[in-house]
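So this one's entry-v8.txt, compact mmCIF, C-alpha atoms:
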# COMPACT_ATOMS: atom_id res chain seq x y z
CA MET Y 15 -10.68 -4.08 21.19
CA THR Y 16 -9.22 -3.05 17.84
CA ALA Y 17 -10.31 -4.93 14.71
CA LEU Y 18 -7.58 -7.12 13.25
CA THR Y 19 -7.90 -5.34 9.87
CA THR Y 20 -7.41 -1.99 11.63
CA GLU Y 21 -4.34 -3.37 13.37
CA ALA Y 22 -2.88 -4.66 10.07
CA ARG Y 23 -3.53 -1.34 8.29
CA GLY Y 24 -1.92 0.52 11.18
CA LEU Y 25 1.20 -1.64 11.01
CA LEU Y 26 1.54 -0.96 7.27
CA THR Y 27 0.98 2.79 7.51
CA SER Y 28 3.40 3.07 10.43
CA ALA Y 29 6.06 1.14 8.50
CA PHE Y 30 5.80 3.49 5.51
CA ALA Y 31 5.23 6.80 7.34
CA GLY Y 32 8.85 7.36 8.33
CA LEU Y 33 10.22 6.82 4.82
CA GLY Y 34 9.54 10.29 3.42
CA PHE Y 35 6.14 9.48 1.87
CA LYS Y 36 2.79 11.06 2.56
CA VAL Y 37 0.77 7.99 3.62
CA TYR Y 38 -2.99 7.84 3.03
CA THR Y 39 -5.52 5.24 4.19
CA SER Y 40 -8.13 6.37 1.64
CA ILE Y 41 -7.98 7.97 -1.80
CA PRO Y 42 -7.13 11.63 -1.13
CA ALA Y 43 -8.93 14.51 -2.87
CA THR Y 44 -5.55 15.80 -4.03
CA VAL Y 45 -2.80 13.27 -4.66
CA ILE Y 46 0.68 14.44 -3.76
CA PRO Y 47 3.54 12.65 -5.56
CA ASN Y 48 5.88 10.54 -3.49
CA SER Y 49 3.00 9.15 -1.53
CA VAL Y 50 1.64 5.75 -0.59
CA VAL Y 51 -2.05 4.83 -0.41
CA VAL Y 52 -3.06 1.77 1.66
CA LEU Y 53 -6.49 0.38 0.69
CA PRO Y 54 -8.34 -2.89 1.23
CA ASP Y 55 -7.79 -5.35 -1.62
CA SER Y 56 -10.22 -7.95 -2.91
CA PRO Y 57 -10.77 -10.39 -1.37
CA TRP Y 58 -10.12 -8.28 1.68
CA VAL Y 59 -10.53 -10.98 4.32
CA ARG Y 60 -10.13 -14.76 4.00
CA MET Y 61 -11.44 -16.50 7.09
CA ASP Y 62 -9.54 -19.34 8.75
CA ARG Y 63 -11.48 -19.48 11.99
CA ILE Y 64 -14.65 -17.85 13.25
CA GLY Y 65 -15.69 -17.94 16.86
CA THR Y 66 -14.25 -16.77 20.12
CA ARG Y 67 -10.76 -16.36 18.59
CA LEU Y 68 -10.70 -14.84 15.11
CA ASN Y 69 -8.00 -15.97 12.70
CA TYR Y 70 -7.85 -14.70 9.13
CA GLU Y 71 -5.75 -13.35 6.29
CA CYS Y 72 -6.34 -9.79 5.13
CA SER Y 73 -5.08 -8.24 1.89
CA TRP Y 74 -4.14 -4.66 1.14
CA ARG Y 75 -3.50 -2.72 -2.06
CA VAL Y 76 -0.54 -0.44 -1.57
CA ILE Y 77 -0.25 2.18 -4.31
CA LEU Y 78 3.08 3.97 -4.74
CA ILE Y 79 2.64 7.36 -6.44
CA VAL Y 80 5.46 9.38 -8.03
CA ASP Y 81 5.61 12.45 -10.27
CA PRO Y 82 5.72 11.41 -13.96
CA ARG Y 83 6.89 14.70 -15.53
CA ASN Y 84 10.39 13.41 -16.29
CA ASN Y 85 10.07 9.83 -17.60
CA GLU Y 86 13.58 8.72 -16.71
CA GLN Y 87 13.47 10.26 -13.25
CA ALA Y 88 9.98 8.85 -12.64
CA GLN Y 89 11.22 5.35 -13.46
CA LEU Y 90 14.23 5.73 -11.16
CA SER Y 91 12.04 7.14 -8.36
CA THR Y 92 9.61 4.25 -8.75
CA GLU Y 93 12.40 1.67 -8.58
CA ASP Y 94 14.11 3.31 -5.60
CA ASN Y 95 10.85 3.86 -3.70
CA LEU Y 96 9.65 0.33 -4.44
CA GLU Y 97 12.80 -1.12 -2.89
CA LEU Y 98 12.38 1.20 0.09
CA ILE Y 99 8.82 -0.03 0.61
CA LEU Y 100 9.77 -3.68 0.15
CA SER Y 101 12.60 -3.45 2.65
CA ASN Y 102 10.21 -1.96 5.24
CA VAL Y 103 7.26 -4.34 4.95
CA PRO Y 104 6.55 -5.42 8.54
CA ASP Y 105 7.42 -8.93 9.71
CA GLY Y 106 4.52 -11.30 9.19
CA PHE Y 107 3.34 -9.54 6.02
CA GLN Y 108 3.82 -11.03 2.55
CA VAL Y 109 4.03 -9.22 -0.78
CA THR Y 110 2.02 -11.33 -3.23
CA PHE Y 111 1.89 -9.05 -6.30
CA ILE Y 112 3.73 -6.06 -7.76
CA GLY Y 113 2.23 -4.48 -10.88
CA ALA Y 114 4.03 -2.52 -13.55
CA PRO Y 115 4.13 1.28 -13.13
CA GLN Y 116 1.30 2.97 -15.04
CA ILE Y 117 0.48 6.56 -15.87
CA THR Y 118 -2.79 7.39 -14.10
CA ASP Y 119 -4.87 10.42 -15.13
CA LEU Y 120 -5.98 12.49 -12.14
CA GLY Y 121 -8.22 14.86 -14.08
CA GLY Y 122 -7.55 18.51 -13.22
CA GLN Y 123 -4.53 17.54 -11.13
CA GLY Y 124 -2.68 16.11 -14.12
CA SER Y 125 -1.30 12.61 -13.90
CA CYS Y 126 0.91 10.44 -11.73
CA LEU Y 127 2.93 7.26 -12.12
CA ALA Y 128 1.28 4.59 -9.94
CA THR Y 129 2.59 1.16 -8.98
CA GLU Y 130 0.30 -1.28 -7.15
CA LEU Y 131 1.41 -3.91 -4.69
CA THR Y 132 -0.70 -6.51 -2.91
CA ILE Y 133 0.40 -7.19 0.64
CA SER Y 134 -1.28 -9.70 2.92
CA ALA Y 135 -0.98 -10.73 6.55
CA ARG Y 136 -2.31 -13.51 8.75
CA MET Y 137 -3.94 -11.90 11.77
CA LYS Y 138 -4.96 -13.66 15.00
CA GLU Y 139 -6.69 -12.53 18.14

Before we go any further, please render this structure as structure tokens.
Amino acid sequence: MTALTTEARGLLTSAFAGLGFKVYTSIPATVIPNSVVVLPDSPWVRMDRIGTRLNYECSWRVILIVDPRNNEQAQLSTEDNLELILSNVPDGFQVTFIGAPQITDLGGQGSCLATELTISARMKE
């Protein structure tokens, strides 16, 4: 039996994998622009029912990463890629938050433009 959180993460990563992004399910050692990182959000799981049939809502942070070297192009890439992600969120998932794009320092790798989304889903056994 696959955990419901694992199933939800798999549905998200599958939905975004065919869109031209490198999709990660953990923070990579080297971040490649035009990628998406899917991580548990907080609270990660909100229980509705415990027992023989699990029923809960799980939340994910989806981080869209683009190259920030050209400000205008980075903004356009963020907007285009955000719409691409939003139009491919699987049925049954809900986008509950979209943050503003922010320059994120990656140390020796330079920096990236990162936009965070919160996506949640009700999962049932």

Please provide as a PyMOL selection string all residues within 10 Å of range 103-118 of chain Y, with the sequence filter that same-chain residues fewer than 6 positions apart are discarded (counting all atoms listed in the file).
chain Y and resi 22+25-30+71-82+88-89+92-93+96+124-137

Using C-alpha atoms, can you write the selected residues to a file as a CSV table (one decimal), keeping the file's coordinate frame?
chain,number,residue,atom,x,y,z
Y,22,ALA,CA,-2.9,-4.7,10.1
Y,25,LEU,CA,1.2,-1.6,11.0
Y,26,LEU,CA,1.5,-1.0,7.3
Y,27,THR,CA,1.0,2.8,7.5
Y,28,SER,CA,3.4,3.1,10.4
Y,29,ALA,CA,6.1,1.1,8.5
Y,30,PHE,CA,5.8,3.5,5.5
Y,71,GLU,CA,-5.8,-13.4,6.3
Y,72,CYS,CA,-6.3,-9.8,5.1
Y,73,SER,CA,-5.1,-8.2,1.9
Y,74,TRP,CA,-4.1,-4.7,1.1
Y,75,ARG,CA,-3.5,-2.7,-2.1
Y,76,VAL,CA,-0.5,-0.4,-1.6
Y,77,ILE,CA,-0.2,2.2,-4.3
Y,78,LEU,CA,3.1,4.0,-4.7
Y,79,ILE,CA,2.6,7.4,-6.4
Y,80,VAL,CA,5.5,9.4,-8.0
Y,81,ASP,CA,5.6,12.4,-10.3
Y,82,PRO,CA,5.7,11.4,-14.0
Y,88,ALA,CA,10.0,8.8,-12.6
Y,89,GLN,CA,11.2,5.4,-13.5
Y,92,THR,CA,9.6,4.2,-8.8
Y,93,GLU,CA,12.4,1.7,-8.6
Y,96,LEU,CA,9.6,0.3,-4.4
Y,124,GLY,CA,-2.7,16.1,-14.1
Y,125,SER,CA,-1.3,12.6,-13.9
Y,126,CYS,CA,0.9,10.4,-11.7
Y,127,LEU,CA,2.9,7.3,-12.1
Y,128,ALA,CA,1.3,4.6,-9.9
Y,129,THR,CA,2.6,1.2,-9.0
Y,130,GLU,CA,0.3,-1.3,-7.2
Y,131,LEU,CA,1.4,-3.9,-4.7
Y,132,THR,CA,-0.7,-6.5,-2.9
Y,133,ILE,CA,0.4,-7.2,0.6
Y,134,SER,CA,-1.3,-9.7,2.9
Y,135,ALA,CA,-1.0,-10.7,6.6
Y,136,ARG,CA,-2.3,-13.5,8.8
Y,137,MET,CA,-3.9,-11.9,11.8

Please indicate the distance in Å from CA of Lys138 in chain Y to CA of Thr16 in chain Y, rounded to one decimal place.
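The value is 11.8 Å.
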
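Put simply, CA of Asp55 in chain Y is 17.6 Å away from CA of Ile99 in chain Y.
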
From the list Y:Val45, Y:Val50, Y:Leu18, Y:Leu33, which residue is nearest Gly122 in chain Y when using all atoms listed in the file?
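Of Y:Val45, Y:Val50, Y:Leu18, Y:Leu33, the one nearest Gly122 in chain Y, counting all atoms listed in the file, is Y:Val45.
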
Can you work out the spacing between CA of Gly34 in chain Y and CA of Leu98 in chain Y in Å, to one decimal?
10.1 Å

9 Å contact set for Pro42 in chain Y, all atoms listed in the file, chain neighbours under 4 positions out, as number ranges by chain
Y: 38, 46, 51

Smallest atom-to-atom distance to Ala43 in chain Y: which of Y:Gln123, Y:Gln87, Y:Thr20, Y:Asn102, using all atoms listed in the file?
Y:Gln123

Need the axis-aligned box for range 51-66 of chain Y with 5 Å each side, so what are the centre and edges in Å to one decimal, as lines of an AutoDock Vina configuration file?
center_x = -8.9
center_y = -7.3
center_z = 8.6
size_x = 23.6
size_y = 34.3
size_z = 33.0

Which residue of Y:Thr66, Y:Ser101, Y:Ser91, Y:Thr39 approaches Pro54 in chain Y most closely, using all atoms listed in the file:
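Comparing Y:Thr66, Y:Ser101, Y:Ser91, Y:Thr39 against Pro54 in chain Y, the winner is Y:Thr39.
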
Rebuild range 96-110 of chain Y so that it carries N, CA and C atoms, then output the result as an mmCIF file, in the frame of the given file.
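Now in result27.cif:
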data_model
loop_
_atom_site.group_PDB
_atom_site.id
_atom_site.type_symbol
_atom_site.label_atom_id
_atom_site.label_comp_id
_atom_site.auth_asym_id
_atom_site.auth_seq_id
_atom_site.Cartn_x
_atom_site.Cartn_y
_atom_site.Cartn_z
ATOM 1 N N LEU Y 96 10.149 1.694 -4.567
ATOM 2 C CA LEU Y 96 9.650 0.330 -4.440
ATOM 3 C C LEU Y 96 10.564 -0.492 -3.530
ATOM 4 N N GLU Y 97 11.859 -0.391 -3.752
ATOM 5 C CA GLU Y 97 12.800 -1.120 -2.890
ATOM 6 C C GLU Y 97 12.731 -0.633 -1.449
ATOM 7 N N LEU Y 98 12.520 0.659 -1.260
ATOM 8 C CA LEU Y 98 12.380 1.200 0.090
ATOM 9 C C LEU Y 98 11.148 0.617 0.778
ATOM 10 N N ILE Y 99 10.040 0.556 0.054
ATOM 11 C CA ILE Y 99 8.820 -0.030 0.610
ATOM 12 C C ILE Y 99 9.028 -1.509 0.916
ATOM 13 N N LEU Y 100 9.592 -2.247 -0.047
ATOM 14 C CA LEU Y 100 9.770 -3.680 0.150
ATOM 15 C C LEU Y 100 10.670 -4.000 1.341
ATOM 16 N N SER Y 101 11.683 -3.188 1.542
ATOM 17 C CA SER Y 101 12.600 -3.450 2.650
ATOM 18 C C SER Y 101 11.999 -3.047 4.003
ATOM 19 N N ASN Y 102 10.844 -2.382 3.990
ATOM 20 C CA ASN Y 102 10.210 -1.960 5.240
ATOM 21 C C ASN Y 102 8.842 -2.586 5.472
ATOM 22 N N VAL Y 103 8.497 -3.609 4.697
ATOM 23 C CA VAL Y 103 7.260 -4.340 4.950
ATOM 24 C C VAL Y 103 7.409 -5.014 6.313
ATOM 25 N N PRO Y 104 6.425 -4.845 7.186
ATOM 26 C CA PRO Y 104 6.550 -5.420 8.540
ATOM 27 C C PRO Y 104 6.677 -6.942 8.529
ATOM 28 N N ASP Y 105 7.337 -7.474 9.541
ATOM 29 C CA ASP Y 105 7.420 -8.930 9.710
ATOM 30 C C ASP Y 105 6.013 -9.500 9.784
ATOM 31 N N GLY Y 106 5.826 -10.654 9.182
ATOM 32 C CA GLY Y 106 4.520 -11.300 9.190
ATOM 33 C C GLY Y 106 3.647 -10.922 8.010
ATOM 34 N N PHE Y 107 4.074 -9.946 7.207
ATOM 35 C CA PHE Y 107 3.340 -9.540 6.020
ATOM 36 C C PHE Y 107 4.037 -10.133 4.795
ATOM 37 N N GLN Y 108 3.262 -10.434 3.758
ATOM 38 C CA GLN Y 108 3.820 -11.030 2.550
ATOM 39 C C GLN Y 108 3.383 -10.230 1.332
ATOM 40 N N VAL Y 109 4.345 -9.887 0.493
ATOM 41 C CA VAL Y 109 4.030 -9.220 -0.780
ATOM 42 C C VAL Y 109 3.690 -10.317 -1.774
ATOM 43 N N THR Y 110 2.466 -10.278 -2.325
ATOM 44 C CA THR Y 110 2.020 -11.330 -3.230
ATOM 45 C C THR Y 110 1.909 -10.879 -4.675
#
